[in-house]
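The block underneath contains the structure these notes are about, expressed in structure tokens.
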Amino acid sequence: MSLFSHERSYRDARVLLTGGCSGLGLELTKLFAADGARVLVGDVHEQAPEGVLPAGVEYRTLDIRSDEQWEEARNWMEANWGGIDVLVNNAGIAAGGRLDVEGMDNWKRIVDINLLGAVRGIRTFVPLMKAQRSGQIINTASLAGLVHAPAMASYNAVKAGIVAISETARWELAPYRISVSAICPSFFRTNLHHSLEGKDVQMEETAVHLITKAPRGAAQVAATAYKKVKQGKFIVLTDPDGQIAYFGKRYSPLVYKALMLQAGRRVGSGKTPVPPIIDKLQSLGAKH
């Protein structure tokens, strides 16, 4: 449900989007630009890869772990565009592994990037939005923030954190006419798997397979997400797999529990835990 009744227009909107040079971020950048928005992409490259960003899109180096670079991005937005209308916290990495295998360095890395990166963005730009009494925050979470499969503890934790922060911000910022959305896609084809560097190599090989062989690409996920964030939707489920898993957890908890226990046993035997869960929840959905 949206707290605001109208579908917003992004023509001339001032947008900052992190992680916009590839994957979902790039596809969202294309959609904002096509709608006439003014878009600043922040990413870790010194310069945007040649020919990647749409014409007219601005670029700045923005490592979302850096308070100083967030401050510089805010200064640029104020100096050049006089403020911000839409903040898209999209940049992130993939991680995962069994609880007793994944290393603490990997935990710290994904928390600093996927969770605290978004926190830094919100802390940086909410004062501007409050002063304007308008704005929108779009956080890229994941189905993993809603449905917590085995062997994905660190990724589940940070994405659940993004959902929790998004809900908190939704209520806290509504009086200032600031809307919040959390995009929660299931697996889709992207380059996210290149960021994997943990100790649980076996489970990471599974993650690579699930990402590279997913039935949907980033453009398809972005198109669905974009339509829903324009409408101000809060939890944005982008695909049938995610809807079935999410609502199966909520409305068929005993079945969900049985499937997760089965998935845990599969992890213990070194097999992928995720596809059997989705397949069976899909069967459940078809019967109801």
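By order of appearance in the structure tokens: chains A, B, ..., then residues from 1 within every chain, and ligands from 1 in the order shown.
Near Lys227 of chain A, within 12 Å and counting only C-alpha atoms, sit Glu7, Arg8, Ser9, Tyr10, Leu28, Leu31, Phe32, Asp35, Ser181, Ile183, Gln220, Val221, Ala222, Ala223, Thr224, Lys230, Gln231, Gly232, Lys233, Val236, Leu237 and Thr238 of chain A; same-chain residues fewer than 3 positions away were not included.
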Go ahead and dump the residues you just picked, N, CA and C atoms, as a PDB file, in the first residue's frame.
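Once everything was written out, this is selection33.pdb:
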ATOM      1  N   GLU A   7       0.307   8.536  -8.682  1.00  0.00           N
ATOM      2  CA  GLU A   7       1.521   8.021  -9.310  1.00  0.00           C
ATOM      3  C   GLU A   7       2.411   9.205  -9.646  1.00  0.00           C
ATOM      4  N   ARG A   8       3.633   9.164  -9.203  1.00  0.00           N
ATOM      5  CA  ARG A   8       4.498  10.326  -9.370  1.00  0.00           C
ATOM      6  C   ARG A   8       5.104  10.372 -10.771  1.00  0.00           C
ATOM      7  N   SER A   9       5.463  11.559 -11.187  1.00  0.00           N
ATOM      8  CA  SER A   9       6.195  11.772 -12.438  1.00  0.00           C
ATOM      9  C   SER A   9       7.649  12.037 -12.092  1.00  0.00           C
ATOM     10  N   TYR A  10       8.543  11.483 -12.886  1.00  0.00           N
ATOM     11  CA  TYR A  10       9.966  11.717 -12.667  1.00  0.00           C
ATOM     12  C   TYR A  10      10.552  12.737 -13.644  1.00  0.00           C
ATOM     13  N   LEU A  28      17.715   0.708 -13.991  1.00  0.00           N
ATOM     14  CA  LEU A  28      16.908   1.761 -13.372  1.00  0.00           C
ATOM     15  C   LEU A  28      17.351   3.143 -13.853  1.00  0.00           C
ATOM     16  N   LEU A  31      15.757   3.885 -17.116  1.00  0.00           N
ATOM     17  CA  LEU A  31      14.328   4.185 -17.005  1.00  0.00           C
ATOM     18  C   LEU A  31      14.099   5.603 -16.481  1.00  0.00           C
ATOM     19  N   PHE A  32      14.861   5.998 -15.461  1.00  0.00           N
ATOM     20  CA  PHE A  32      14.739   7.367 -14.960  1.00  0.00           C
ATOM     21  C   PHE A  32      15.096   8.378 -16.061  1.00  0.00           C
ATOM     22  N   ASP A  35      12.497   8.863 -18.666  1.00  0.00           N
ATOM     23  CA  ASP A  35      11.340   9.610 -18.160  1.00  0.00           C
ATOM     24  C   ASP A  35      11.623  11.101 -17.996  1.00  0.00           C
ATOM     25  N   SER A 181      10.411   3.016  -0.520  1.00  0.00           N
ATOM     26  CA  SER A 181      10.141   1.718  -1.131  1.00  0.00           C
ATOM     27  C   SER A 181      11.337   0.802  -0.922  1.00  0.00           C
ATOM     28  N   ILE A 183      12.819  -2.573  -2.749  1.00  0.00           N
ATOM     29  CA  ILE A 183      12.721  -3.500  -3.872  1.00  0.00           C
ATOM     30  C   ILE A 183      13.262  -4.856  -3.429  1.00  0.00           C
ATOM     31  N   GLN A 220      14.203  -6.810 -16.950  1.00  0.00           N
ATOM     32  CA  GLN A 220      12.839  -7.229 -16.613  1.00  0.00           C
ATOM     33  C   GLN A 220      12.504  -6.876 -15.169  1.00  0.00           C
ATOM     34  N   VAL A 221      13.438  -7.134 -14.259  1.00  0.00           N
ATOM     35  CA  VAL A 221      13.221  -6.808 -12.845  1.00  0.00           C
ATOM     36  C   VAL A 221      13.085  -5.302 -12.670  1.00  0.00           C
ATOM     37  N   ALA A 222      13.936  -4.543 -13.349  1.00  0.00           N
ATOM     38  CA  ALA A 222      13.902  -3.081 -13.218  1.00  0.00           C
ATOM     39  C   ALA A 222      12.577  -2.521 -13.713  1.00  0.00           C
ATOM     40  N   ALA A 223      12.063  -3.038 -14.818  1.00  0.00           N
ATOM     41  CA  ALA A 223      10.810  -2.518 -15.373  1.00  0.00           C
ATOM     42  C   ALA A 223       9.661  -2.700 -14.389  1.00  0.00           C
ATOM     43  N   THR A 224       9.596  -3.869 -13.764  1.00  0.00           N
ATOM     44  CA  THR A 224       8.539  -4.128 -12.785  1.00  0.00           C
ATOM     45  C   THR A 224       8.720  -3.252 -11.554  1.00  0.00           C
ATOM     46  N   LYS A 230       7.055   4.057  -8.799  1.00  0.00           N
ATOM     47  CA  LYS A 230       6.345   5.253  -9.265  1.00  0.00           C
ATOM     48  C   LYS A 230       4.992   5.384  -8.568  1.00  0.00           C
ATOM     49  N   GLN A 231       4.403   4.233  -8.239  1.00  0.00           N
ATOM     50  CA  GLN A 231       3.123   4.221  -7.545  1.00  0.00           C
ATOM     51  C   GLN A 231       3.285   4.365  -6.038  1.00  0.00           C
ATOM     52  N   GLY A 232       4.535   4.395  -5.574  1.00  0.00           N
ATOM     53  CA  GLY A 232       4.790   4.562  -4.149  1.00  0.00           C
ATOM     54  C   GLY A 232       4.617   3.296  -3.330  1.00  0.00           C
ATOM     55  N   LYS A 233       4.674   2.121  -3.979  1.00  0.00           N
ATOM     56  CA  LYS A 233       4.543   0.869  -3.236  1.00  0.00           C
ATOM     57  C   LYS A 233       5.694   0.733  -2.241  1.00  0.00           C
ATOM     58  N   VAL A 236       8.248  -4.046  -2.715  1.00  0.00           N
ATOM     59  CA  VAL A 236       8.142  -4.213  -4.159  1.00  0.00           C
ATOM     60  C   VAL A 236       8.654  -5.602  -4.523  1.00  0.00           C
ATOM     61  N   LEU A 237       7.718  -6.521  -4.739  1.00  0.00           N
ATOM     62  CA  LEU A 237       8.048  -7.869  -5.207  1.00  0.00           C
ATOM     63  C   LEU A 237       8.020  -7.841  -6.733  1.00  0.00           C
ATOM     64  N   THR A 238       9.087  -8.316  -7.346  1.00  0.00           N
ATOM     65  CA  THR A 238       9.256  -8.102  -8.780  1.00  0.00           C
ATOM     66  C   THR A 238       8.997  -9.325  -9.638  1.00  0.00           C
TER      67      THR A 238
END
Exercise. Quick one: residues within 8 Å of Ile122 of chain A, only C-alpha atoms counted, chain neighbours fewer than 3 positions away excluded, as a PyMOL selection string?
Worked result: chain A and resi 87+118-119+125-126+137
Please produce a file of those selected residues containing all heavy atoms, as an mmCIF file, in the first residue's frame.
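The resulting file, result15.cif, is reproduced below:
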data_model
loop_
_atom_site.group_PDB
_atom_site.id
_atom_site.type_symbol
_atom_site.label_atom_id
_atom_site.label_comp_id
_atom_site.auth_asym_id
_atom_site.auth_seq_id
_atom_site.Cartn_x
_atom_site.Cartn_y
_atom_site.Cartn_z
ATOM 1 N N LEU A 87 16.404 9.407 -3.863
ATOM 2 C CA LEU A 87 17.642 8.711 -3.517
ATOM 3 C C LEU A 87 17.416 7.224 -3.730
ATOM 4 O O LEU A 87 16.506 6.640 -3.128
ATOM 5 C CB LEU A 87 18.023 8.976 -2.059
ATOM 6 C CG LEU A 87 19.161 8.110 -1.496
ATOM 7 C CD1 LEU A 87 20.476 8.403 -2.217
ATOM 8 C CD2 LEU A 87 19.315 8.332 0.015
ATOM 9 N N ALA A 118 23.644 2.064 2.777
ATOM 10 C CA ALA A 118 22.320 2.679 2.659
ATOM 11 C C ALA A 118 22.046 3.625 3.822
ATOM 12 O O ALA A 118 21.449 4.695 3.637
ATOM 13 C CB ALA A 118 21.246 1.588 2.600
ATOM 14 N N VAL A 119 22.477 3.254 5.009
ATOM 15 C CA VAL A 119 22.296 4.131 6.173
ATOM 16 C C VAL A 119 23.001 5.465 5.941
ATOM 17 O O VAL A 119 22.441 6.543 6.212
ATOM 18 C CB VAL A 119 22.835 3.456 7.448
ATOM 19 C CG1 VAL A 119 22.845 4.439 8.617
ATOM 20 C CG2 VAL A 119 21.997 2.232 7.794
ATOM 21 N N PHE A 125 21.047 12.529 3.029
ATOM 22 C CA PHE A 125 20.083 13.258 2.206
ATOM 23 C C PHE A 125 18.726 13.508 2.858
ATOM 24 O O PHE A 125 17.971 14.361 2.379
ATOM 25 C CB PHE A 125 19.890 12.535 0.869
ATOM 26 C CG PHE A 125 21.036 12.779 -0.075
ATOM 27 C CD1 PHE A 125 22.021 11.825 -0.248
ATOM 28 C CD2 PHE A 125 21.130 13.975 -0.757
ATOM 29 C CE1 PHE A 125 23.085 12.052 -1.103
ATOM 30 C CE2 PHE A 125 22.189 14.225 -1.616
ATOM 31 C CZ PHE A 125 23.177 13.257 -1.786
ATOM 32 N N VAL A 126 18.405 12.827 3.938
ATOM 33 C CA VAL A 126 17.115 13.082 4.582
ATOM 34 C C VAL A 126 16.976 14.527 5.066
ATOM 35 O O VAL A 126 15.891 15.118 4.929
ATOM 36 C CB VAL A 126 16.866 12.065 5.721
ATOM 37 C CG1 VAL A 126 15.848 12.601 6.735
ATOM 38 C CG2 VAL A 126 16.359 10.753 5.133
ATOM 39 N N ILE A 137 12.758 7.764 -1.133
ATOM 40 C CA ILE A 137 13.917 6.902 -0.909
ATOM 41 C C ILE A 137 13.557 5.512 -1.423
ATOM 42 O O ILE A 137 12.538 4.941 -1.029
ATOM 43 C CB ILE A 137 14.287 6.842 0.583
ATOM 44 C CG1 ILE A 137 14.680 8.230 1.080
ATOM 45 C CG2 ILE A 137 15.421 5.847 0.818
ATOM 46 C CD1 ILE A 137 14.810 8.323 2.592
#
For this session: Fewer than 6 positions away in the same chain doesn't count, so skip those; otherwise give me all residues within 12 Å of Arg250 of chain A, counting only C-alpha atoms, as a ChimeraX atom specification.
Result: /A:146-147,243-244,256-257,281
Restricting the output to N, CA, C and O atoms, write the selected residues as a compact mmCIF listing (two decimals), in the first residue's frame.
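The new file result_22.txt reads:
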# COMPACT_ATOMS: atom_id res chain seq x y z
N LEU A 146 13.17 -11.03 3.15
CA LEU A 146 11.83 -11.44 3.60
C LEU A 146 11.75 -12.94 3.85
O LEU A 146 10.99 -13.39 4.70
N VAL A 147 12.50 -13.72 3.08
CA VAL A 147 12.49 -15.18 3.15
C VAL A 147 13.92 -15.63 3.37
O VAL A 147 14.79 -15.41 2.52
N GLN A 243 6.77 -13.57 -4.95
CA GLN A 243 5.42 -13.46 -4.41
C GLN A 243 4.99 -14.77 -3.77
O GLN A 243 4.41 -14.78 -2.67
N ILE A 244 5.29 -15.89 -4.43
CA ILE A 244 4.88 -17.19 -3.91
C ILE A 244 5.63 -17.50 -2.61
O ILE A 244 5.04 -17.96 -1.62
N TYR A 256 5.81 -23.96 4.94
CA TYR A 256 7.05 -23.21 4.82
C TYR A 256 8.11 -23.79 5.76
O TYR A 256 9.27 -23.99 5.37
N LYS A 257 7.71 -24.08 7.00
CA LYS A 257 8.66 -24.65 7.97
C LYS A 257 9.20 -25.98 7.48
O LYS A 257 10.42 -26.24 7.55
N LEU A 281 6.88 -24.28 -3.22
CA LEU A 281 5.98 -23.18 -2.91
C LEU A 281 5.17 -22.76 -4.14
O LEU A 281 4.01 -22.37 -4.03
Problem set entry | Residue contacts of Lys108 of chain A (12 Å, only C-alpha atoms) excluding same-chain residues fewer than 4 positions away, as a ChimeraX atom specification | /A:65,95,102-104,112-116,154-155,157-158,198
Find the residues near Ile178 of chain A: any atom within 8 Å, counting only C-alpha atoms, skip ones fewer than 2 places away on the same chain, and give them as a compact mmCIF listing (two decimals) with all heavy atoms, in the first residue's frame.
# COMPACT_ATOMS: atom_id res chain seq x y z
N MET A 129 15.66 16.49 2.20
CA MET A 129 14.27 16.14 1.89
C MET A 129 13.31 16.71 2.93
O MET A 129 12.23 17.19 2.59
CB MET A 129 14.12 14.62 1.78
CG MET A 129 14.84 14.01 0.60
SD MET A 129 14.54 12.21 0.50
CE MET A 129 15.43 11.80 -1.00
N LYS A 130 13.72 16.67 4.19
CA LYS A 130 12.87 17.23 5.24
C LYS A 130 12.69 18.74 5.03
O LYS A 130 11.57 19.27 5.19
CB LYS A 130 13.48 16.97 6.62
CG LYS A 130 13.25 15.58 7.16
CD LYS A 130 13.79 15.50 8.59
CE LYS A 130 13.40 14.20 9.25
NZ LYS A 130 13.89 14.13 10.65
N ARG A 133 10.34 19.19 2.41
CA ARG A 133 9.07 18.51 2.71
C ARG A 133 8.59 17.70 1.51
O ARG A 133 7.40 17.66 1.19
CB ARG A 133 8.01 19.50 3.18
CG ARG A 133 8.39 20.25 4.44
CD ARG A 133 7.22 20.96 5.09
NE ARG A 133 6.28 19.99 5.67
CZ ARG A 133 6.41 19.44 6.88
NH1 ARG A 133 7.46 19.74 7.62
NH2 ARG A 133 5.50 18.60 7.32
N SER A 134 9.54 17.00 0.90
CA SER A 134 9.20 16.10 -0.20
C SER A 134 10.41 15.23 -0.52
O SER A 134 11.55 15.60 -0.22
CB SER A 134 8.79 16.88 -1.46
OG SER A 134 9.90 17.59 -1.98
N GLY A 135 10.15 14.09 -1.13
CA GLY A 135 11.24 13.23 -1.57
C GLY A 135 10.82 11.77 -1.60
O GLY A 135 9.71 11.41 -1.18
N GLN A 136 11.71 10.96 -2.12
CA GLN A 136 11.48 9.51 -2.18
C GLN A 136 12.80 8.80 -1.96
O GLN A 136 13.83 9.18 -2.52
CB GLN A 136 10.89 9.11 -3.54
CG GLN A 136 10.55 7.63 -3.65
CD GLN A 136 9.90 7.25 -4.97
OE1 GLN A 136 10.08 7.95 -5.97
NE2 GLN A 136 9.15 6.18 -4.99
N ILE A 137 12.76 7.76 -1.13
CA ILE A 137 13.92 6.90 -0.91
C ILE A 137 13.56 5.51 -1.42
O ILE A 137 12.54 4.94 -1.03
CB ILE A 137 14.29 6.84 0.58
CG1 ILE A 137 14.68 8.23 1.08
CG2 ILE A 137 15.42 5.85 0.82
CD1 ILE A 137 14.81 8.32 2.59
N ARG A 170 9.78 4.73 6.53
CA ARG A 170 8.45 4.98 5.96
C ARG A 170 7.57 5.74 6.95
O ARG A 170 6.92 6.73 6.60
CB ARG A 170 7.81 3.65 5.58
CG ARG A 170 6.47 3.77 4.88
CD ARG A 170 5.81 2.42 4.76
NE ARG A 170 4.63 2.49 3.90
CZ ARG A 170 3.66 1.58 3.89
NH1 ARG A 170 3.71 0.54 4.71
NH2 ARG A 170 2.63 1.71 3.06
N LEU A 173 9.28 9.31 8.19
CA LEU A 173 9.40 10.40 7.23
C LEU A 173 8.10 10.76 6.53
O LEU A 173 8.04 11.77 5.82
CB LEU A 173 10.47 10.03 6.18
CG LEU A 173 11.86 9.74 6.76
CD1 LEU A 173 12.82 9.35 5.64
CD2 LEU A 173 12.40 10.93 7.54
N ALA A 174 7.06 9.97 6.74
CA ALA A 174 5.77 10.26 6.10
C ALA A 174 5.26 11.68 6.42
O ALA A 174 4.71 12.34 5.53
CB ALA A 174 4.73 9.21 6.49
N PRO A 175 5.42 12.18 7.65
CA PRO A 175 4.94 13.54 7.92
C PRO A 175 5.61 14.62 7.07
O PRO A 175 5.09 15.73 6.94
CB PRO A 175 5.28 13.74 9.41
CG PRO A 175 5.33 12.37 9.97
CD PRO A 175 5.90 11.52 8.89
N TYR A 176 6.78 14.28 6.48
CA TYR A 176 7.49 15.23 5.64
C TYR A 176 7.23 14.98 4.15
O TYR A 176 7.92 15.54 3.30
CB TYR A 176 9.01 15.13 5.91
CG TYR A 176 9.37 15.45 7.33
CD1 TYR A 176 9.45 14.44 8.29
CD2 TYR A 176 9.64 16.76 7.72
CE1 TYR A 176 9.78 14.73 9.61
CE2 TYR A 176 9.98 17.06 9.03
CZ TYR A 176 10.04 16.04 9.97
OH TYR A 176 10.37 16.32 11.27
N VAL A 180 8.90 5.88 0.87
CA VAL A 180 9.99 4.91 0.92
C VAL A 180 9.52 3.61 0.27
O VAL A 180 8.39 3.17 0.50
CB VAL A 180 10.42 4.62 2.38
CG1 VAL A 180 11.59 3.64 2.41
CG2 VAL A 180 10.79 5.92 3.11
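For the pair atom CA of Gly51 of chain A and atom CA of Glu72 of chain A, the interatomic distance is 24.5 Å.
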Exercise. Using the chain letters and numbers from this document, which residues of segment 65-266 of chain A does DSSP assign to helix (DSSP H, G or I), as a ChimeraX atom specification?
Worked result: /A:67-81,104-132,143-145,153-176,192-195,201-212,218-230,240-251,253-266
Problem set entry | Within 12 Å of His148 of chain A using only C-alpha atoms, minus same-chain residues under 3 positions, as a ChimeraX atom specification | /A:96,142-145,151-160,186,242,245-246,249,256-257,259-261,263-264,273-274,277
